[in-house]
Amino acid sequence: MTTWWPYARLAAAVLGAAAIITQLMRTLQNGAISPTEWGAHVPTLAANFLSFFTIESNLLAVIVLSIGAIWAWTSGRKEEREPGWFAVLLTCVSTYMIVTGIVYNLLLRNVELPQGVTVPWSNEVLHVVIPLFLLADVLFAPKRRALPWSAVAITAIFPVVWAGYTLLRANVIIAPATGDAWWYPYPFLDPHLVPGGYLGVAGYIVGIAAAIVGVAALVVWIGRRRARS
């Protein structure tokens, strides 16, 4: 497994990058034919696209998996364990992608979207295939390093920053597709849709935060257990 796992990581990174680029192109194409004056504003479309937690997590996964493959083919050949900095990065992206898969399949899979908004194969890659690969990476990737439990807290930094950014930015962006004076990347973060408004949104955020901490703790525990064995 030590010899071929880096190739699997690189293949997953290439597939993830292709899915992101394909979906971005579809988003920009849809904007170009939008009937609203806001729908064709490319900077807003691109910024909104990059504001999805799914896209950001997949981008991070593409980068980290690529780094892992390159490390394995260079200095990693002589190392018994992955470096600590890489183990932390891998724990973070594994956590984010596993949670992305869980949240999408529990909360978003049955949310109806206008025809043609998403590319079906790209959508499945970003929400199912890459999360499953990162789960497999946690369970089977060679040279796993044990991390201290403090790594769990590190994984929470990015989601907290993302949630704050999302809620602050939402009310200064006009939704390209509808012209609403707000834009939220996910319906469960939109106080105009969630029962209870911001209180209901806070409930979702707390639930997802708990999921992130729980998954991160599990990833760290598995890494510690595999490193000992």
# chains A, B, ... in the order shown; residues from 1 in each chain; ligands from 1

$ closest_atom_pairs --of "stretch 88-111 of chain A" --to "stretch 45-56 of chain A" --cutoff "10 Å" --atoms "only C-alpha atoms" --output "JSON lines"
{"residue": "A:Val93", "atom": "CA", "partner": "A:Glu56", "partner_atom": "CA", "distance": 9.9}
{"residue": "A:Tyr96", "atom": "CA", "partner": "A:Thr54", "partner_atom": "CA", "distance": 8.4}
{"residue": "A:Met97", "atom": "CA", "partner": "A:Thr54", "partner_atom": "CA", "distance": 7.7}
{"residue": "A:Val99", "atom": "CA", "partner": "A:Thr54", "partner_atom": "CA", "distance": 9.6}
{"residue": "A:Thr100", "atom": "CA", "partner": "A:Thr54", "partner_atom": "CA", "distance": 6.3}
{"residue": "A:Gly101", "atom": "CA", "partner": "A:Thr54", "partner_atom": "CA", "distance": 8.9}
{"residue": "A:Tyr104", "atom": "CA", "partner": "A:Thr54", "partner_atom": "CA", "distance": 9.0}

$ closest_residue --among "A:Ala211, A:Ala202, A:Ala151, A:Leu168" --to "A:Gly84" --atoms "only C-alpha atoms"
A:Ala151

$ closest_residue --among "A:Val117, A:Cys92, A:Ala32, A:Ile67" --to "A:Val138" --atoms "only C-alpha atoms"
A:Cys92

$ atom_distance --atom1 "atom CA of A:Leu90" --atom2 "atom CA of A:Val62"
10.9 Å

$ residues_around --residues "A:Leu10" --least-positions-apart "4" --cutoff "9 Å" --atoms "only C-alpha atoms" --output "PyMOL selection string"
chain A and resi 5-6+14-15+62+65-70

$ closest_residue --among "A:Val129, A:Val119, A:Ala153, A:Leu135" --to "A:Ala216" --atoms "only C-alpha atoms"
A:Ala153

$ closest_residue --among "A:Phe133, A:Trp183, A:Trp4, A:Phe158" --to "A:Ser57" --atoms "only C-alpha atoms"
A:Phe158

$ decode --residues "stretch 148-177 of chain A" --atoms "C-alpha atoms" --output "PDB file, in the first residue's frame"
ATOM      1  CA  PRO A 148      -2.190  15.120  20.365  1.00  0.00           C
ATOM      2  CA  TRP A 149      -5.846  15.712  21.217  1.00  0.00           C
ATOM      3  CA  SER A 150      -5.232  19.442  20.819  1.00  0.00           C
ATOM      4  CA  ALA A 151      -5.409  18.821  17.057  1.00  0.00           C
ATOM      5  CA  VAL A 152      -9.184  18.557  17.465  1.00  0.00           C
ATOM      6  CA  ALA A 153      -9.304  22.237  18.435  1.00  0.00           C
ATOM      7  CA  ILE A 154      -7.236  23.169  15.371  1.00  0.00           C
ATOM      8  CA  THR A 155      -9.802  21.581  13.063  1.00  0.00           C
ATOM      9  CA  ALA A 156     -12.490  23.879  14.485  1.00  0.00           C
ATOM     10  CA  ILE A 157     -10.704  27.113  13.499  1.00  0.00           C
ATOM     11  CA  PHE A 158     -11.563  27.148   9.804  1.00  0.00           C
ATOM     12  CA  PRO A 159     -15.284  26.245  10.192  1.00  0.00           C
ATOM     13  CA  VAL A 160     -15.737  28.944  12.843  1.00  0.00           C
ATOM     14  CA  VAL A 161     -14.104  31.559  10.607  1.00  0.00           C
ATOM     15  CA  TRP A 162     -16.176  30.357   7.637  1.00  0.00           C
ATOM     16  CA  ALA A 163     -19.460  30.579   9.572  1.00  0.00           C
ATOM     17  CA  GLY A 164     -18.660  34.112  10.748  1.00  0.00           C
ATOM     18  CA  TYR A 165     -17.647  35.187   7.244  1.00  0.00           C
ATOM     19  CA  THR A 166     -20.792  33.659   5.733  1.00  0.00           C
ATOM     20  CA  LEU A 167     -23.228  35.330   8.115  1.00  0.00           C
ATOM     21  CA  LEU A 168     -21.504  38.715   7.866  1.00  0.00           C
ATOM     22  CA  ARG A 169     -21.205  38.644   4.081  1.00  0.00           C
ATOM     23  CA  ALA A 170     -24.699  37.334   3.385  1.00  0.00           C
ATOM     24  CA  ASN A 171     -26.515  40.627   3.907  1.00  0.00           C
ATOM     25  CA  VAL A 172     -24.224  42.723   1.714  1.00  0.00           C
ATOM     26  CA  ILE A 173     -24.572  40.492  -1.368  1.00  0.00           C
ATOM     27  CA  ILE A 174     -27.478  40.596  -3.822  1.00  0.00           C
ATOM     28  CA  ALA A 175     -28.446  37.048  -4.781  1.00  0.00           C
ATOM     29  CA  PRO A 176     -27.549  36.732  -8.499  1.00  0.00           C
ATOM     30  CA  ALA A 177     -30.404  34.388  -9.384  1.00  0.00           C
TER      31      ALA A 177
END
